[in-house]
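Below is one structure, written out as C-alpha cells; the observations come after it.
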Amino acid sequence: MDQAGLEALIVPLLDPMGYALVRVHVSGGAQPTVQVMAERTDGQGMTIDDCETISRALSVRFDADDPIGGAYTLEVSSPGIDRPLVRAKDYQRFTGHVAKVETRVPVEGRRRFSGRIAGATDSHIRLALEEGAAAEVEIAIVDIAKAKLKLTDKLIAEAMR
C-alpha cells in the first residue's frame, strides 16, 4: 500500500480517538518499519500512554487489513518540539517560528532554506530568510520535500506553556 493508502487507513481511525496524523513514513526492505507520528487534537502534549493507545488500535487494524503485506515494525511517536512541518495548517500554526525547508525542485536557484515562517496559505509558505533581513522567498507546499522547525528559545518557551 502506498503512502496515501496508509494515510487513508489511519486518519479515520485516529480522528474519533482525538488524535491527528502528522506523518506516516515507511522505510526498510524485507521487514519495513512503519513510523506513525500523531498529535492530540485538544492541544495537549502526547504521552507514552497516547502512543500505546494509538499503537494498539493501529495494530488491530493493520492485522485485519494487512496494508504492508507481511512482517513489519510499527513505531508510534509524537512530533516533538522541533517537529516536521507537513500540512498547510502546520505552517499556519507555526507562523513566526524558524524552520529548515528542503525543496524537491530549485526555488530561486536553491533547494535548502532556513528562516522565519512569515506566512502560509493552503498552497504556499513565505520564509523570511535568516541570511538577509529583507530577503523573503515564497515556496509552494507541494514542492517541499521536507521541513521541520528549528529549536529556538521562542519555540521552547511556547512548548512549555
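By order of appearance in the C-alpha cells: chains A, B, ..., then residues from 1 within every chain, and ligands from 1 in the order shown.
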Give the strand (DSSP E or B) residues of range 46-137 of chain A, as assigned by DSSP on the backbone, as an MDAnalysis selection string.
chainID A and resid 73:77 84 98:107 110:120 124:129 136:137
Using only C-alpha atoms, which residues sit within 12 Å of Gln44 in chain A once same-chain residues fewer than 4 positions away are excluded, as an mmCIF file with C-alpha atoms, in the first residue's frame?
```
data_model
loop_
_atom_site.group_PDB
_atom_site.id
_atom_site.type_symbol
_atom_site.label_atom_id
_atom_site.label_comp_id
_atom_site.auth_asym_id
_atom_site.auth_seq_id
_atom_site.Cartn_x
_atom_site.Cartn_y
_atom_site.Cartn_z
ATOM 1 C CA GLY A 18 -8.909 12.558 19.477
ATOM 2 C CA TYR A 19 -5.658 12.339 17.514
ATOM 3 C CA ALA A 38 0.486 11.791 15.672
ATOM 4 C CA GLU A 39 -0.645 14.601 17.941
ATOM 5 C CA ARG A 40 -3.618 15.197 20.196
ATOM 6 C CA ASP A 50 -1.268 8.090 23.971
ATOM 7 C CA SER A 78 4.701 12.407 18.921
ATOM 8 C CA ALA A 159 6.055 24.443 24.210
ATOM 9 C CA MET A 160 6.451 24.888 27.975
ATOM 10 C CA ARG A 161 3.141 26.801 28.193
#
```
Interatomic distance, CA of Ala135 in chain A to CA of Gly96 in chain A (Å, one decimal)
15.2 Å
Taking the DSSP secondary structure from the backbone, can you list the residues of range 3-132 of chain A that are helix (DSSP H, G or I), as an MDAnalysis selection string?
chainID A and resid 3:17 48:65 88:93
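Comparing the minimum interatomic distances between His97 in chain A and each of A:Gly119, A:Pro79, A:Gly70, A:Pro16, counting only C-alpha atoms, we find that A:Gly119 sits nearest.
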Take CA of Leu9 in chain A and CA of Ser123 in chain A and report the distance between them in Å, one decimal.
24.3 Å
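Proximity to Leu6 in chain A at 10 Å, evaluated using only C-alpha atoms and with sequence-adjacent residues fewer than 2 positions away removed, yields Met1, Asp2, Gln3, Ala4, Ala8, Leu9, Ile10, Val11, Val24, His25, Val26, Val34, Val36, Phe62, Pro67 and Ile68 of chain A.
Atom to atom, CA of Glu108 in chain A and CA of Ala140 in chain A stand 12.2 Å apart.
Residue nearest Gly69 in chain A, chosen from A:Thr41, A:Thr152, A:Gln31, A:Ser114 and counting only C-alpha atoms: A:Gln31.
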Which one is closest to Lys154 in chain A: A:Arg87, A:Asp82, A:Glu130, A:Arg111? Count only C-alpha atoms.
A:Asp82
Contacts of Ala30 in chain A at 9 Å (only C-alpha atoms; same-chain gap of 2+ positions) as an MDAnalysis selection string
chainID A and resid 28 32 70:72
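If you count only C-alpha atoms and ignore residues fewer than 5 places along the chain from Val137 in chain A, what sits within 7 Å of it is Arg126, Leu127 and Ala128 of chain A.
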Based on the selection just made, write C-alpha atoms of those residues as a PDB file, in the first residue's frame.
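Generated file (again_35.pdb):
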```
ATOM      1  CA  ARG A 126       6.662  32.574   2.837  1.00  0.00           C
ATOM      2  CA  LEU A 127      10.014  32.396   4.612  1.00  0.00           C
ATOM      3  CA  ALA A 128      11.933  35.416   5.855  1.00  0.00           C
TER       4      ALA A 128
END
```
Test item: residues at most 12 Å from Thr121 in chain A, only C-alpha atoms, excluding those fewer than 2 positions along its chain, as a PDB file with C-alpha atoms, in the first residue's frame:
```
ATOM      1  CA  ARG A  87       0.437  20.107   6.212  1.00  0.00           C
ATOM      2  CA  ALA A  88      -0.510  23.681   5.334  1.00  0.00           C
ATOM      3  CA  LYS A  89      -2.044  24.044   8.801  1.00  0.00           C
ATOM      4  CA  ASP A  90       1.347  23.175  10.351  1.00  0.00           C
ATOM      5  CA  TYR A  91       2.940  26.189   8.648  1.00  0.00           C
ATOM      6  CA  GLN A  92      -0.031  28.375   9.577  1.00  0.00           C
ATOM      7  CA  ARG A  93       0.114  27.232  13.213  1.00  0.00           C
ATOM      8  CA  THR A  95       3.976  31.238  11.651  1.00  0.00           C
ATOM      9  CA  ILE A 117       7.802  31.416   8.636  1.00  0.00           C
ATOM     10  CA  ALA A 118       6.375  34.783   7.588  1.00  0.00           C
ATOM     11  CA  GLY A 119       3.043  33.467   6.365  1.00  0.00           C
ATOM     12  CA  SER A 123      -0.795  26.213  -1.065  1.00  0.00           C
ATOM     13  CA  HIS A 124       2.308  28.324  -0.287  1.00  0.00           C
ATOM     14  CA  ILE A 125       4.582  29.428   2.528  1.00  0.00           C
ATOM     15  CA  ARG A 126       6.662  32.574   2.837  1.00  0.00           C
ATOM     16  CA  GLU A 138       7.689  32.002  -1.414  1.00  0.00           C
ATOM     17  CA  ILE A 139       7.576  28.213  -1.777  1.00  0.00           C
ATOM     18  CA  ALA A 140       4.712  26.014  -2.975  1.00  0.00           C
ATOM     19  CA  ILE A 141       3.921  23.424  -0.307  1.00  0.00           C
TER      20      ILE A 141
END
```
Could you produce a table of the residues of range 39-112 of chain A lying within 9 Å of range 12-15 of chain A, with the nearest pair of atoms per residue and their separation in Å rounded to one decimal, using only C-alpha atoms, ordered by chain and increasing residue number, as JSON lines?
```
{"residue": "A:Thr41", "atom": "CA", "partner": "A:Asp15", "partner_atom": "CA", "distance": 8.3}
{"residue": "A:Ile54", "atom": "CA", "partner": "A:Leu14", "partner_atom": "CA", "distance": 7.4}
{"residue": "A:Ala57", "atom": "CA", "partner": "A:Leu13", "partner_atom": "CA", "distance": 7.7}
{"residue": "A:Leu58", "atom": "CA", "partner": "A:Leu13", "partner_atom": "CA", "distance": 7.8}
{"residue": "A:Arg61", "atom": "CA", "partner": "A:Leu13", "partner_atom": "CA", "distance": 8.5}
```
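In terms of minimum interatomic distance to Arg112 in chain A, A:Lys100 ranks closest within A:Arg56, A:Arg83, A:Lys100, A:Lys150, counting only C-alpha atoms.
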Tell me which protein, DNA and RNA residues are within 7 Å of Ala145 in chain A, counting only C-alpha atoms, leaving out same-chain ones fewer than 6 positions away, and put them as an NGL selection string.
:A and (102-104)
Residue selection dump (N, CA and C atoms) as a PDB file, in the first residue's frame:
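Output below, filename selection.pdb:
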```
ATOM      1  N   GLU A 102      13.587  22.028   2.801  1.00  0.00           N
ATOM      2  CA  GLU A 102      14.283  21.499   1.624  1.00  0.00           C
ATOM      3  C   GLU A 102      13.236  21.216   0.557  1.00  0.00           C
ATOM      4  N   THR A 103      13.485  21.715  -0.650  1.00  0.00           N
ATOM      5  CA  THR A 103      12.514  21.557  -1.728  1.00  0.00           C
ATOM      6  C   THR A 103      12.905  20.431  -2.684  1.00  0.00           C
ATOM      7  N   ARG A 104      11.901  19.932  -3.408  1.00  0.00           N
ATOM      8  CA  ARG A 104      12.120  18.894  -4.421  1.00  0.00           C
ATOM      9  C   ARG A 104      12.759  19.479  -5.681  1.00  0.00           C
TER      10      ARG A 104
END
```
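Using only C-alpha atoms, the smallest distance between any of A:Asp63, A:Gly5, A:Leu149, A:Asp42 and Ala20 in chain A comes from A:Asp42.
Here the question is which of A:Pro106, A:Gly29, A:Gly80, A:Gly115 gets nearest to Met46 in chain A using only C-alpha atoms, and that residue is A:Gly80.
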